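Structure first, then comments.
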Amino acid sequence: MKEASEADQETGLFGKHPADRGRKRLWIALPVLLLFALLWFAVPVPVFEVPYASVVYDRNGELLAARISDDGQWRFPPGDALPERYLTALLHFEDKRFMRHPGIDPLAVGRAVRQNLRARRVVSGGSTITMQAVRLSEVNPPRTFRRKLLEAVQALRLESRYTKAEILQMYAAHAPFGGNVVGLQAASWRFFGRDAAELSWAEAALLAVLPNAPALIHPGRNRDALLRKRNRLLESLHGAGHFDALSLQLAQAEPLPEAPLPLPQLTPHLLDRIALEGGAGTQQRSTIDANLQRRAAEVAAQHHELLRANEIHNMAVLIAEVNSGRVLAYIGNSPQQAGQRSRGQAVDIIRAPRSTGSILKPALYALMLHRGMILPNTLVADVPTQVAGYSPQNFSRTYMGAVPASEVVSRSLNVPSVRMLRDFGLPDFHYYLQELGLSTITRSPDHYGLTLILGGAEATLWDVAGMYASLGRHLLRYDARLSEQQPFRAQPLHFLQGEGSLAQNSGFPLSHGAVWAMLEAMQNVNRPDSEVDWRRFASARQVAWKTGTSYGHRDAWSVGLTPEYVVAVWVGNAGGEGRPGLTGVQAAAPVMFSLFGLLGETRWFPEPVFDMHTAEICLLSGHRAGPDCTHTAAQAIPQAGLETPACPYHTRVHTDAVGGLRVNSRCADPAQMQSENYFVLPPAMAHFYRSRNPAYRSLPAWMPGCEPDEGTQPAIDLLYPPEGAEIYIPVELDGQRGRTVFEAVHQRPDTRIFWHLNGEFAGSTSGQHQLQLAPEPGTYLLTLVDEHGLQLSRRITIMENRRQ
């Protein structure tokens, strides 16, 4: 018995040895395991290779604009975490055990088998969310047992590669919601006009059940079935304790959405730029303030309606924070009106190079202040000027003779600006414009010439706004506690969250006092006539601003700066067509001031106290006061201004005691002289200055027999022709040789001037010193002699004019 018992123990009471049974199970399982392993490595991990829509959000997550994907679907790129309400509704409806199973739910599969056998047709698939995500990665996969098996293996592989949260994102981003609406975010915006995070329980429940039967969303279909489906889910959620009975009643009372809503298109040009720079199908959160963008678009549309009456069809607007460089509003162009032909509205003008007009003049002013070449109100000549055949003209076609440098900026005078650029140096200004952030100044200085200051170069609204923002930021970062300040660095604006304004270069020293004086001058720019409330506006805030108008009235610019904001506006026609009245002051500045009205109150830039120094300034010339200046005042000037020369225009004049004629020690007794200080401009400047300043006094005439001292300021100046001029004299219609008009000015206009060509007398003038001559081709020495013997000579060439 004992032996039998031991045998029984070895062989087992009811059959073979237990080890034999284990080996049998292993031999049965091994092929299954090998098949599974083969499938595991043979079946790829699902990958979603589909195009996505390009999407941009504002800084708070509000949708600004979207562009449909290349396959015609509204499919937003996968986002971050799913909203809690939608996630709860989805898991409750589709896969209650999702967080616990490995991608396959055996209980769900068993339930599906029982239901299908009982119904004798497929009524339940038993698919998990993971398996559905696998199916969504394929294009119209067949519904077969073999396909189901592959989906199961792929679901396991998907679970091994990604987290549960990532799998849920895949499903939510690619689930069908009817028509060409794919994915949760696209559905939320198309059906409810808001972000999925803001969905109500009823809306979240609808989007949870809709992928199960997406065709039901279309008007005219069996929407009652969709409504019942949604309400059953709401009841189940209520039963699970997710909300109370009142919330259930209110949720079930919400109607189904009607036809899909159009997606917002607040920033179409910014979206195009993001897609161009980041590739199609990108999803970005921008720095744009959606509310400000809407209001700015309304302001632009109002002004655009007025401008369209003058056949001006395009406008661009940029609003940004100065300190951070974040863009708050981006209007790349005017919207195309329904039923009207395109006028270039698809062009993003913000990025398009356009002629700058006068928009760069303040930069030249600041650079000259920084170098100590001028003081804020140093007089600059505004007289007829010709440089290498180029003759600039003021907008008014008139001359003022002499203008304070600050007024050259505020009045946007062309002739003094060209003379300032000539004095500063064209190559240097060209270099500094690049350092200031103008990326389109790419050709040589000689290519632009002196027209560089008047619109001879092109810049983008993006760069111009960035340049002025960088200048304002440079001043804001002045720290009076530091003995050595940071250099100026141009930092471009940016429109994406997480992007900083990175400096484009190593920077260069730039006087904070010069920038502050530039902004002070820009405050005094003449306001546009249409800005009827500008005086009240000016009392509410201070704005440094500048306009620009390109040659031929093709481009109108206006840029304004406060410590908080930079606002830049361009107005014109994208095709380059000029229009009367298309000027910076008339067309662009009113838009800019209206936009500033949206931004609330602002401060003004603090004065960089230790970069400014008090000096006695001549009030007439704007120079440091000299010993003969009669009207002076203590004024704050940039530090470099301390090295500028004293006033060259005030001089002490001696006259006789009887007739008030001018004398000197060679012709009169010093004891009998009377002395008085005179403000004396060079003849050309005085000629035009006198007409606008009646108080300007000409020097007294010299007493007969007295000769001017050597070194006395010249009394004659030649307005035309300039030194070395080459003159073509036209042939008249009758075939006769025409005439050219020479023009001179004298300190005392009533003085007679005698004109000579190569020593031969050609005529005399008095008062208005203009003389018509018709010299033969050749080289001449033109000599002018006044009645006191003072003379001026210029060499000129009369060119042969062959008649065609």
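Letters A, B, ... go to the chains of the structure tokens in the order shown; residues in each chain start at 1; ligands are counted from 1 in the same order.
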
In segment 474-590 of chain A, what's helix (DSSP H, G or I) per DSSP? Answer as a list in words? His474, Leu475, Leu476, His512, Gly513, Ala514, Val515, Trp516, Ala517, Met518, Leu519, Glu520, Ala521, Met522, Gln523, Trp534, Arg535, Arg536, Phe537, Ala538, Ser539, Ala540, Gly584, Val585, Gln586, Ala587, Ala588, Ala589 and Pro590 of chain A

Who sits within 9 Å of segment 98-101 of chain A, only C-alpha atoms, same chain under 4 positions skipped, as a count of residues only: 8

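If you look at atom CA of Leu782 of chain A and atom CA of Leu757 of chain A, they are 4.8 Å away from each other.
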
Please run DSSP on the backbone and report, as a PyMOL selection string, all residues within segment 147-369 of chain A that come out as strand (DSSP E or B). chain A and resi 176+181-182+265+283-286+314-321+326-331+354-355

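Candidate residues A:Ile288, A:Val658, A:Val591, A:Val409 were compared for distance to Asn60 of chain A, and the nearest is A:Ile288, using only C-alpha atoms.
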